[in-house]
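Undergrad: For reference, the file coords_12.cif (mmCIF, C-alpha atoms) is included below:
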data_query
#
loop_
_atom_site.group_PDB
_atom_site.id
_atom_site.type_symbol
_atom_site.label_atom_id
_atom_site.label_comp_id
_atom_site.auth_asym_id
_atom_site.auth_seq_id
_atom_site.Cartn_x
_atom_site.Cartn_y
_atom_site.Cartn_z
ATOM 1 C CA MET A 3 260.468 239.726 232.203
ATOM 2 C CA LYS A 4 258.439 240.683 229.151
ATOM 3 C CA PRO A 5 254.821 239.605 228.582
ATOM 4 C CA THR A 6 255.986 237.616 225.574
ATOM 5 C CA ASP A 7 258.263 235.426 227.673
ATOM 6 C CA LYS A 8 257.253 231.814 227.869
ATOM 7 C CA LYS A 9 255.514 230.661 231.017
ATOM 8 C CA SER A 10 257.152 227.968 233.091
ATOM 9 C CA TRP A 11 255.782 224.439 232.795
ATOM 10 C CA ARG A 12 254.697 224.559 236.439
ATOM 11 C CA PHE A 13 252.703 227.743 235.903
ATOM 12 C CA LYS A 14 251.075 226.298 232.775
ATOM 13 C CA LEU A 15 250.193 223.102 234.620
ATOM 14 C CA HIS A 16 248.720 225.121 237.490
ATOM 15 C CA GLU A 17 246.511 227.028 235.059
ATOM 16 C CA ILE A 18 245.218 223.783 233.538
ATOM 17 C CA ILE A 19 244.543 221.997 236.839
ATOM 18 C CA TYR A 20 243.273 224.785 239.072
ATOM 19 C CA GLU A 21 241.549 227.151 236.647
ATOM 20 C CA ALA A 22 238.748 226.930 234.100
ATOM 21 C CA ASP A 23 239.092 230.165 232.152
ATOM 22 C CA THR A 24 241.391 228.637 229.551
ATOM 23 C CA PRO A 25 240.369 226.047 226.913
ATOM 24 C CA MET A 26 242.765 223.484 228.395
ATOM 25 C CA GLY A 27 241.480 224.201 231.891
ATOM 26 C CA LYS A 28 237.879 223.669 230.806
ATOM 27 C CA LEU A 29 238.815 220.469 228.999
ATOM 28 C CA PHE A 30 240.639 219.183 232.068
ATOM 29 C CA ASP A 31 237.624 219.852 234.311
ATOM 30 C CA VAL A 32 235.244 218.127 231.885
ATOM 31 C CA VAL A 33 237.500 215.052 231.599
ATOM 32 C CA LEU A 34 237.888 214.943 235.372
ATOM 33 C CA LEU A 35 234.125 215.116 235.942
ATOM 34 C CA ILE A 36 233.534 212.320 233.433
ATOM 35 C CA LEU A 37 236.167 210.110 235.086
ATOM 36 C CA ILE A 38 234.757 210.766 238.559
ATOM 37 C CA LEU A 39 231.251 209.789 237.455
ATOM 38 C CA LEU A 40 232.611 206.779 235.566
ATOM 39 C CA SER A 41 234.493 205.661 238.660
ATOM 40 C CA ILE A 42 231.327 205.870 240.771
ATOM 41 C CA VAL A 43 229.474 203.810 238.158
ATOM 42 C CA LEU A 44 232.240 201.180 238.253
ATOM 43 C CA VAL A 45 232.022 200.975 242.051
ATOM 44 C CA MET A 46 228.261 200.514 241.860
ATOM 45 C CA LEU A 47 228.480 197.875 239.139
ATOM 46 C CA GLU A 48 231.161 196.023 241.083
ATOM 47 C CA SER A 49 228.800 195.775 244.058
ATOM 48 C CA VAL A 50 226.312 193.816 241.899
ATOM 49 C CA SER A 51 227.510 190.216 242.224
ATOM 50 C CA GLU A 52 226.091 189.070 238.856
ATOM 51 C CA ILE A 53 227.782 191.892 236.938
ATOM 52 C CA ASP A 54 231.029 191.622 238.876
ATOM 53 C CA ALA A 55 231.244 187.857 238.250
ATOM 54 C CA LYS A 56 230.873 188.372 234.507
ATOM 55 C CA TYR A 57 232.868 191.560 233.941
ATOM 56 C CA HIS A 58 235.245 191.620 236.907
ATOM 57 C CA GLU A 59 238.417 191.924 234.804
ATOM 58 C CA ILE A 60 237.013 194.813 232.752
ATOM 59 C CA LEU A 61 235.799 196.646 235.857
ATOM 60 C CA TYR A 62 239.114 196.068 237.609
ATOM 61 C CA LEU A 63 241.128 197.315 234.617
ATOM 62 C CA GLY A 64 238.916 200.371 234.238
ATOM 63 C CA GLU A 65 239.336 201.249 237.894
ATOM 64 C CA TRP A 66 243.119 200.925 237.644
ATOM 65 C CA ILE A 67 243.195 203.281 234.660
ATOM 66 C CA ILE A 68 241.124 205.840 236.543
ATOM 67 C CA THR A 69 243.186 205.388 239.726
ATOM 68 C CA ILE A 70 246.441 206.033 237.846
ATOM 69 C CA PHE A 71 244.950 209.175 236.287
ATOM 70 C CA PHE A 72 243.862 210.493 239.686
ATOM 71 C CA SER A 73 247.243 209.613 241.170
ATOM 72 C CA ILE A 74 248.954 211.723 238.513
ATOM 73 C CA GLU A 75 246.442 214.509 239.122
ATOM 74 C CA TYR A 76 247.079 214.387 242.901
ATOM 75 C CA ILE A 77 250.856 214.616 242.424
ATOM 76 C CA ALA A 78 250.454 217.411 239.873
ATOM 77 C CA ARG A 79 248.319 219.425 242.290
ATOM 78 C CA ILE A 80 251.045 219.135 244.919
ATOM 79 C CA ILE A 81 253.981 220.143 242.743
ATOM 80 C CA THR A 82 252.241 223.145 241.150
ATOM 81 C CA VAL A 83 251.573 225.030 244.407
ATOM 82 C CA LYS A 84 254.119 226.856 246.531
ATOM 83 C CA LYS A 85 252.733 225.489 249.799
ATOM 84 C CA PRO A 86 251.997 221.768 249.223
ATOM 85 C CA LYS A 87 250.967 221.213 252.851
ATOM 86 C CA ALA A 88 248.135 223.715 252.454
ATOM 87 C CA TYR A 89 246.647 221.546 249.707
ATOM 88 C CA ILE A 90 247.514 218.132 251.220
ATOM 89 C CA PHE A 91 245.738 218.904 254.501
ATOM 90 C CA SER A 92 242.867 220.845 252.953
ATOM 91 C CA PHE A 93 239.402 219.310 252.615
ATOM 92 C CA TYR A 94 239.811 218.544 248.925
ATOM 93 C CA GLY A 95 243.375 217.360 249.427
ATOM 94 C CA ILE A 96 242.251 214.763 251.971
ATOM 95 C CA ILE A 97 239.351 213.701 249.753
ATOM 96 C CA ASP A 98 241.680 213.341 246.768
ATOM 97 C CA PHE A 99 244.038 211.196 248.839
ATOM 98 C CA LEU A 100 241.313 208.968 250.292
ATOM 99 C CA SER A 101 239.775 208.407 246.876
ATOM 100 C CA THR A 102 243.108 207.432 245.324
ATOM 101 C CA ILE A 103 244.768 205.039 247.799
ATOM 102 C CA PRO A 104 242.285 202.111 248.128
ATOM 103 C CA LEU A 105 243.578 200.132 245.153
ATOM 104 C CA TYR A 106 247.184 200.633 246.232
ATOM 105 C CA LEU A 107 246.320 199.355 249.702
ATOM 106 C CA SER A 108 245.407 196.010 248.182
ATOM 107 C CA PHE A 109 249.136 195.379 247.663
ATOM 108 C CA LEU A 110 249.795 195.793 251.387
ATOM 109 C CA PHE A 111 247.236 193.223 252.523
ATOM 110 C CA ALA A 112 248.235 189.757 251.401
ATOM 111 C CA GLY A 113 246.394 186.596 252.357
ATOM 112 C CA SER A 114 242.802 185.450 252.157
ATOM 113 C CA SER A 115 241.975 186.596 255.679
ATOM 114 C CA PHE A 116 242.311 190.227 254.612
ATOM 115 C CA LEU A 117 240.296 190.034 251.399
ATOM 116 C CA LEU A 118 237.100 191.307 252.980
ATOM 117 C CA SER A 119 238.938 194.205 254.609
ATOM 118 C CA VAL A 120 240.573 195.163 251.327
ATOM 119 C CA ARG A 121 237.230 195.060 249.534
ATOM 120 C CA ALA A 122 235.773 197.361 252.166
ATOM 121 C CA LEU A 123 238.709 199.757 251.840
ATOM 122 C CA ARG A 124 238.233 199.912 248.081
ATOM 123 C CA LEU A 125 234.747 201.292 248.655
ATOM 124 C CA LEU A 126 236.476 204.500 249.764
ATOM 125 C CA ARG A 127 236.642 205.268 246.057
ATOM 126 C CA VAL A 128 233.103 206.603 246.400
ATOM 127 C CA PHE A 129 234.699 209.688 248.024
ATOM 128 C CA ARG A 130 235.555 210.802 244.513
ATOM 129 C CA ILE A 131 232.013 212.045 244.118
ATOM 130 C CA LEU A 132 232.882 214.794 246.623
ATOM 131 C CA LYS A 133 235.495 216.064 244.187
ATOM 132 C CA ILE A 134 232.653 217.194 241.957
ATOM 133 C CA THR A 135 231.842 220.113 244.287
ATOM 134 C CA ARG A 136 235.163 221.693 243.367
ATOM 135 C CA TYR A 137 233.893 222.224 239.826
ATOM 136 C CA ILE A 138 230.456 223.594 240.656
ATOM 137 C CA GLY A 139 230.566 227.374 240.844
ATOM 138 C CA GLU A 140 227.675 227.716 243.298
ATOM 139 C CA ALA A 141 229.256 225.281 245.787
ATOM 140 C CA ALA A 142 231.303 228.061 247.396
ATOM 141 C CA LYS A 143 228.183 230.164 247.993
ATOM 142 C CA LEU A 144 226.330 227.203 249.479
ATOM 143 C CA ARG A 145 229.288 226.368 251.735
ATOM 144 C CA LYS A 146 229.422 229.976 252.924
ATOM 145 C CA ALA A 147 225.674 230.001 253.570
ATOM 146 C CA LEU A 148 225.901 226.812 255.630
ATOM 147 C CA ALA A 149 228.827 228.193 257.618
ATOM 148 C CA ASN A 150 226.956 231.430 258.354
ATOM 149 C CA SER A 151 223.854 229.438 259.335
ATOM 150 C CA LYS A 152 225.737 227.137 261.714
ATOM 151 C CA ALA A 153 224.957 229.033 264.926
ATOM 152 C CA LYS A 154 221.264 229.463 264.098
ATOM 153 C CA ILE A 155 220.870 225.833 263.074
ATOM 154 C CA LEU A 156 222.582 224.618 266.257
ATOM 155 C CA VAL A 157 220.219 226.720 268.383
ATOM 156 C CA PHE A 158 217.286 225.380 266.380
ATOM 157 C CA LEU A 159 218.421 221.760 266.829
ATOM 158 C CA PHE A 160 218.832 222.340 270.553
ATOM 159 C CA ALA A 161 215.262 223.677 270.700
ATOM 160 C CA VAL A 162 214.033 220.596 268.805
ATOM 161 C CA LEU A 163 215.891 218.352 271.258
ATOM 162 C CA VAL A 164 214.236 220.130 274.190
ATOM 163 C CA ILE A 165 210.811 219.663 272.595
ATOM 164 C CA ALA A 166 211.568 215.980 271.965
ATOM 165 C CA VAL A 167 212.602 215.421 275.581
ATOM 166 C CA ILE A 168 209.517 217.183 276.978
ATOM 167 C CA ALA A 169 207.086 215.503 274.555
ATOM 168 C CA GLY A 170 208.751 212.120 275.051
ATOM 169 C CA THR A 171 208.447 212.435 278.812
ATOM 170 C CA LEU A 172 204.777 213.392 278.524
ATOM 171 C CA MET A 173 204.149 210.423 276.237
ATOM 172 C CA TYR A 174 205.842 208.113 278.743
ATOM 173 C CA ILE A 175 203.557 209.444 281.478
ATOM 174 C CA ILE A 176 200.428 209.166 279.313
ATOM 175 C CA GLU A 177 201.030 205.791 277.631
ATOM 176 C CA GLY A 178 203.359 203.968 279.999
ATOM 177 C CA PRO A 179 205.291 200.692 279.536
ATOM 178 C CA GLU A 180 202.116 198.707 278.837
ATOM 179 C CA HIS A 181 201.755 200.466 275.465
ATOM 180 C CA GLY A 182 205.376 200.113 274.365
ATOM 181 C CA PHE A 183 206.768 203.297 275.921
ATOM 182 C CA LYS A 184 208.977 201.376 278.329
ATOM 183 C CA SER A 185 211.270 204.260 279.297
ATOM 184 C CA ILE A 186 211.792 207.958 278.715
ATOM 185 C CA PRO A 187 214.697 207.398 276.256
ATOM 186 C CA ILE A 188 212.464 205.105 274.164
ATOM 187 C CA SER A 189 209.696 207.698 274.318
ATOM 188 C CA VAL A 190 212.126 210.436 273.220
ATOM 189 C CA TYR A 191 213.253 208.176 270.359
ATOM 190 C CA TRP A 192 209.615 207.804 269.288
ATOM 191 C CA CYS A 193 209.125 211.567 269.489
ATOM 192 C CA ILE A 194 212.188 212.270 267.295
ATOM 193 C CA VAL A 195 211.030 209.696 264.738
ATOM 194 C CA THR A 196 207.584 211.304 264.698
ATOM 195 C CA LEU A 197 208.921 214.881 264.529
ATOM 196 C CA THR A 198 211.051 214.048 261.517
ATOM 197 C CA THR A 199 207.973 212.470 259.842
ATOM 198 C CA VAL A 200 209.846 209.154 259.454
ATOM 199 C CA GLY A 201 207.332 207.104 261.430
ATOM 200 C CA PHE A 202 208.825 203.615 261.718
ATOM 201 C CA GLY A 203 205.620 202.362 263.321
ATOM 202 C CA ASP A 204 207.397 200.167 265.886
ATOM 203 C CA ILE A 205 205.760 202.167 268.699
ATOM 204 C CA ALA A 206 202.357 203.864 268.532
ATOM 205 C CA PRO A 207 200.141 205.537 271.150
ATOM 206 C CA SER A 208 196.933 203.740 272.064
ATOM 207 C CA THR A 209 195.124 206.147 274.370
ATOM 208 C CA PRO A 210 193.076 209.115 273.060
ATOM 209 C CA LEU A 211 195.256 211.603 274.950
ATOM 210 C CA GLY A 212 198.426 209.979 273.599
ATOM 211 C CA GLN A 213 197.062 210.070 270.059
ATOM 212 C CA LEU A 214 196.186 213.764 270.491
ATOM 213 C CA LEU A 215 199.745 214.512 271.613
ATOM 214 C CA ALA A 216 201.091 212.482 268.680
ATOM 215 C CA THR A 217 198.945 214.532 266.294
ATOM 216 C CA VAL A 218 200.352 217.772 267.665
ATOM 217 C CA ILE A 219 203.912 216.436 267.334
ATOM 218 C CA MET A 220 203.315 215.346 263.733
ATOM 219 C CA ILE A 221 201.903 218.747 262.751
ATOM 220 C CA LEU A 222 204.808 220.414 264.540
ATOM 221 C CA GLY A 223 207.190 218.191 262.569
ATOM 222 C CA TYR A 224 206.134 219.694 259.236
ATOM 223 C CA GLY A 225 206.873 223.179 260.549
ATOM 224 C CA ILE A 226 210.233 222.114 261.957
ATOM 225 C CA ILE A 227 211.365 220.714 258.609
ATOM 226 C CA ALA A 228 210.842 224.092 256.937
ATOM 227 C CA VAL A 229 212.860 226.126 259.455
ATOM 228 C CA PRO A 230 216.426 224.983 258.534
ATOM 229 C CA THR A 231 215.594 225.445 254.850
ATOM 230 C CA GLY A 232 214.502 229.020 255.507
ATOM 231 C CA ILE A 233 217.623 229.772 257.558
ATOM 232 C CA VAL A 234 219.996 228.464 254.890
ATOM 233 C CA SER A 235 218.034 230.149 252.084
ATOM 234 C CA ALA A 236 218.227 233.511 253.835
ATOM 235 C CA GLU A 237 221.962 233.169 254.398
ATOM 236 C CA TYR A 238 222.460 231.997 250.810
ATOM 237 C CA THR A 239 220.831 235.203 249.583
ATOM 238 C CA LYS A 240 223.051 237.288 251.859
ATOM 239 C CA SER A 241 226.157 235.402 250.756
ATOM 240 C CA MET A 242 225.835 236.629 247.175
ATOM 241 C CA ASP A 243 229.055 238.429 246.428
ATOM 242 C CA LYS A 244 228.471 242.136 246.981
ATOM 243 C CA ASN A 245 231.387 242.898 244.705
ATOM 244 C CA ASP A 246 229.697 241.260 241.714
ATOM 245 C CA VAL A 247 227.478 244.270 241.101
ATOM 246 C CA LEU A 248 228.596 247.802 241.975
ATOM 247 C CA GLY A 249 225.949 250.263 240.822
ATOM 248 C CA LYS A 250 225.598 249.812 237.100
ATOM 249 C CA ASP A 251 229.065 248.382 236.610
ATOM 250 C CA TYR A 252 229.444 244.629 236.620
ATOM 251 C CA VAL A 253 232.725 243.391 238.072
ATOM 252 C CA HIS A 254 233.842 240.119 236.513
ATOM 253 C CA VAL A 255 235.539 237.481 238.597
ATOM 254 C CA ASN A 256 237.403 234.513 237.164
ATOM 255 C CA THR A 257 238.636 231.097 238.246
ATOM 256 C CA GLN A 258 242.207 232.277 238.849
ATOM 257 C CA VAL A 259 243.619 230.286 241.786
ATOM 258 C CA CYS A 260 246.509 231.646 243.816
ATOM 259 C CA THR A 261 249.569 229.387 243.613
ATOM 260 C CA ASN A 262 250.498 230.337 247.173
ATOM 261 C CA CYS A 263 247.331 230.075 249.291
ATOM 262 C CA GLY A 264 244.777 228.598 246.870
ATOM 263 C CA ALA A 265 242.356 231.542 247.110
ATOM 264 C CA GLN A 266 239.796 231.863 244.303
ATOM 265 C CA ARG A 267 237.338 234.409 242.829
ATOM 266 C CA HIS A 268 239.812 237.086 241.731
ATOM 267 C CA ARG A 269 238.761 240.040 239.594
ATOM 268 C CA ASP A 270 239.778 239.977 235.970
ATOM 269 C CA ASP A 271 241.962 243.042 236.485
ATOM 270 C CA ALA A 272 243.584 241.714 239.683
ATOM 271 C CA LYS A 273 247.372 241.424 239.661
ATOM 272 C CA PHE A 274 247.791 240.144 243.211
ATOM 273 C CA CYS A 275 245.908 237.674 245.404
ATOM 274 C CA HIS A 276 243.172 239.310 247.492
ATOM 275 C CA LYS A 277 244.029 237.029 250.405
ATOM 276 C CA CYS A 278 247.824 236.740 250.667
ATOM 277 C CA GLY A 279 249.074 239.320 248.155
ATOM 278 C CA GLU A 280 250.871 236.768 245.938
ATOM 279 C CA ASN A 281 251.574 237.818 242.348
ATOM 280 C CA LEU A 282 248.923 236.127 240.187
ATOM 281 C CA HIS A 283 250.836 236.617 236.935
ATOM 282 C CA PRO A 284 254.563 236.309 237.711
ATOM 283 C CA GLU A 285 255.472 235.778 234.066
ATOM 284 C CA ILE A 286 253.682 238.961 232.986
ATOM 285 C CA ASN A 287 253.977 241.083 236.104
ATOM 286 C CA PRO A 288 257.303 240.336 237.784
ATOM 287 C CA GLU A 289 257.274 241.119 241.488
ATOM 288 C CA VAL A 290 258.988 244.266 242.640
#
Can the structure in the file be given as structure tokens, please?

TA:
Amino acid sequence: MKPTDKKSWRFKLHEIIYEADTPMGKLFDVVLLILILLSIVLVMLESVSEIDAKYHEILYLGEWIITIFFSIEYIARIITVKKPKAYIFSFYGIIDFLSTIPLYLSFLFAGSSFLLSVRALRLLRVFRILKITRYIGEAAKLRKALANSKAKILVFLFAVLVIAVIAGTLMYIIEGPEHGFKSIPISVYWCIVTLTTVGFGDIAPSTPLGQLLATVIMILGYGIIAVPTGIVSAEYTKSMDKNDVLGKDYVHVNTQVCTNCGAQRHRDDAKFCHKCGENLHPEINPEV
């Protein structure tokens, strides 16, 4: 097939929906972002009883228009990939589905006794805000940094839990039930609240020794808050793509998405997917 041959409608649609290097792809992403934000605004306005009572029909119509658009988008995403199940059961596929179905579910629940349940189900539309991360370039780096930090953060949280148990037990011994620390679990709860600098104030130490221990825990809390941030920041720096800069030569990557596995971040000169080997340009580079 020659480079001048026309691309199939499915390939063109895939470029528009999954990529942002083309004018139509950029326009699609911008429209989608606007509709997502508009949908969230509609959900928020609908939760205000005064506004909903006055503009319910307009809000309801607007939500139906947006829901139909996202339904078409969801179907289009499925039919433009070679492995629909990979998208349907992916994180974004599930989010897209959950954010689309609430209004349709209202047809399945008839009768006044289900009205409250239906209204609650419609609040699932707020999941659409998670779709925004798909269109933020740095989201992939942040996700990778969090994944690489998982083990360190879990160890850190376990250490914090140990400190909370020990400090809570000491506070129970020092203060006792007469000062509100009725049990070790309640004392541990107080310690966690204090460590996180929330400080509900429902329980407070009364003795000088208890207040001294509380002071130490509060100071320790400020240090604990900074640790996860440092861990993620360090991993975020490491997660910078090493292939972006090779010596003095800058290697450009684009938003090309593989139609087979959905992999992203391909080099501009790439002909095949770096993950599964699928031909990225079947109309230009027919497979051998």

Undergrad: Please provide the set of residues having any atom within 10 Å of Val200 of chain A, restricted to all atoms listed in the file, with same-chain residues fewer than 6 positions apart removed, written as a ChimeraX atom specification.

TA: /A:192,194,220,223

Undergrad: When you count all atoms listed in the file, which of these residues is closest to Arg79 of chain A: A:Ile18, A:Ala153, A:Leu110, A:Cys193?

TA: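 Of A:Ile18, A:Ala153, A:Leu110, A:Cys193, the one nearest Arg79 of chain A is A:Ile18, counting all atoms listed in the file.
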
Undergrad: With only C-alpha atoms as the atoms that count, which of A:Leu107, A:Leu222, A:Glu280, A:Glu237 lies nearest to Asn150 of chain A?

TA: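 Closest to Asn150 of chain A, using only C-alpha atoms: A:Glu237.
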
Undergrad: Find the residues around Leu214 of chain A up to 12 Å (all atoms listed in the file counted), leave out those fewer than 5 positions away in its own chain, and share them as a compact mmCIF listing (two decimals) with C-alpha atoms, in the frame of the given file.

TA:
# COMPACT_ATOMS: atom_id res chain seq x y z
CA ALA A 169 207.09 215.50 274.56
CA LEU A 172 204.78 213.39 278.52
CA MET A 173 204.15 210.42 276.24
CA ILE A 176 200.43 209.17 279.31
CA GLU A 177 201.03 205.79 277.63
CA ALA A 206 202.36 203.86 268.53
CA PRO A 207 200.14 205.54 271.15
CA SER A 208 196.93 203.74 272.06
CA THR A 209 195.12 206.15 274.37
CA ILE A 219 203.91 216.44 267.33
CA MET A 220 203.32 215.35 263.73
CA ILE A 221 201.90 218.75 262.75

Undergrad: May I ask which of the residues A:Tyr20, A:Phe99, A:Phe30, A:Phe202 is the closest one to Tyr76 of chain A, counting all atoms listed in the file?

TA: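 Of A:Tyr20, A:Phe99, A:Phe30, A:Phe202, the one nearest Tyr76 of chain A is A:Phe99, counting all atoms listed in the file.
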
Undergrad: Would you compute the distance between atom CA of Tyr238 of chain A and atom CA of Leu144 of chain A? Give it in Å to one decimal.

TA: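 Result for atom CA of Tyr238 of chain A versus atom CA of Leu144 of chain A: 6.3 Å, one decimal.
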
Undergrad: Of the residues A:Pro230, A:Thr196, A:Ser108, A:Glu75, which is the one nearest to Ser151 of chain A, using all atoms listed in the file?

TA: A:Pro230

Undergrad: May I ask for the distance between atom CA of Ser235 of chain A and atom CA of Leu156 of chain A, given in Å to one decimal place?

TA: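 Straight-line distance from atom CA of Ser235 of chain A to atom CA of Leu156 of chain A works out to 15.9 Å.
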
Undergrad: Could you tell me which of A:Pro210, A:Gly178, A:Val229, A:Pro104 comes closest to Phe158 of chain A if we count only C-alpha atoms?

TA: A:Val229

Undergrad: Care to translate the PyMOL selection byres ((chain A and resi 84) around 7) into actual residues of this file, as a PyMOL selection string?

TA: chain A and resi 82-83+85-86+261-262

Undergrad: Take atom CA of Ile19 of chain A and atom CA of Leu63 of chain A and report the distance between them in Å, one decimal.

TA: 25.0 Å

Undergrad: Fewer than 2 positions away in the same chain doesn't count, so skip those; otherwise give me all residues within 7 Å of Leu282 of chain A, counting all atoms listed in the file, as an mmCIF file with C-alpha atoms, keeping the file's coordinate frame.

TA:
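Contents of the output file out.cif:
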data_model
loop_
_atom_site.group_PDB
_atom_site.id
_atom_site.type_symbol
_atom_site.label_atom_id
_atom_site.label_comp_id
_atom_site.auth_asym_id
_atom_site.auth_seq_id
_atom_site.Cartn_x
_atom_site.Cartn_y
_atom_site.Cartn_z
ATOM 1 C CA CYS A 260 246.509 231.646 243.816
ATOM 2 C CA LYS A 273 247.372 241.424 239.661
ATOM 3 C CA PHE A 274 247.791 240.144 243.211
ATOM 4 C CA CYS A 275 245.908 237.674 245.404
ATOM 5 C CA GLU A 280 250.871 236.768 245.938
ATOM 6 C CA PRO A 284 254.563 236.309 237.711
#
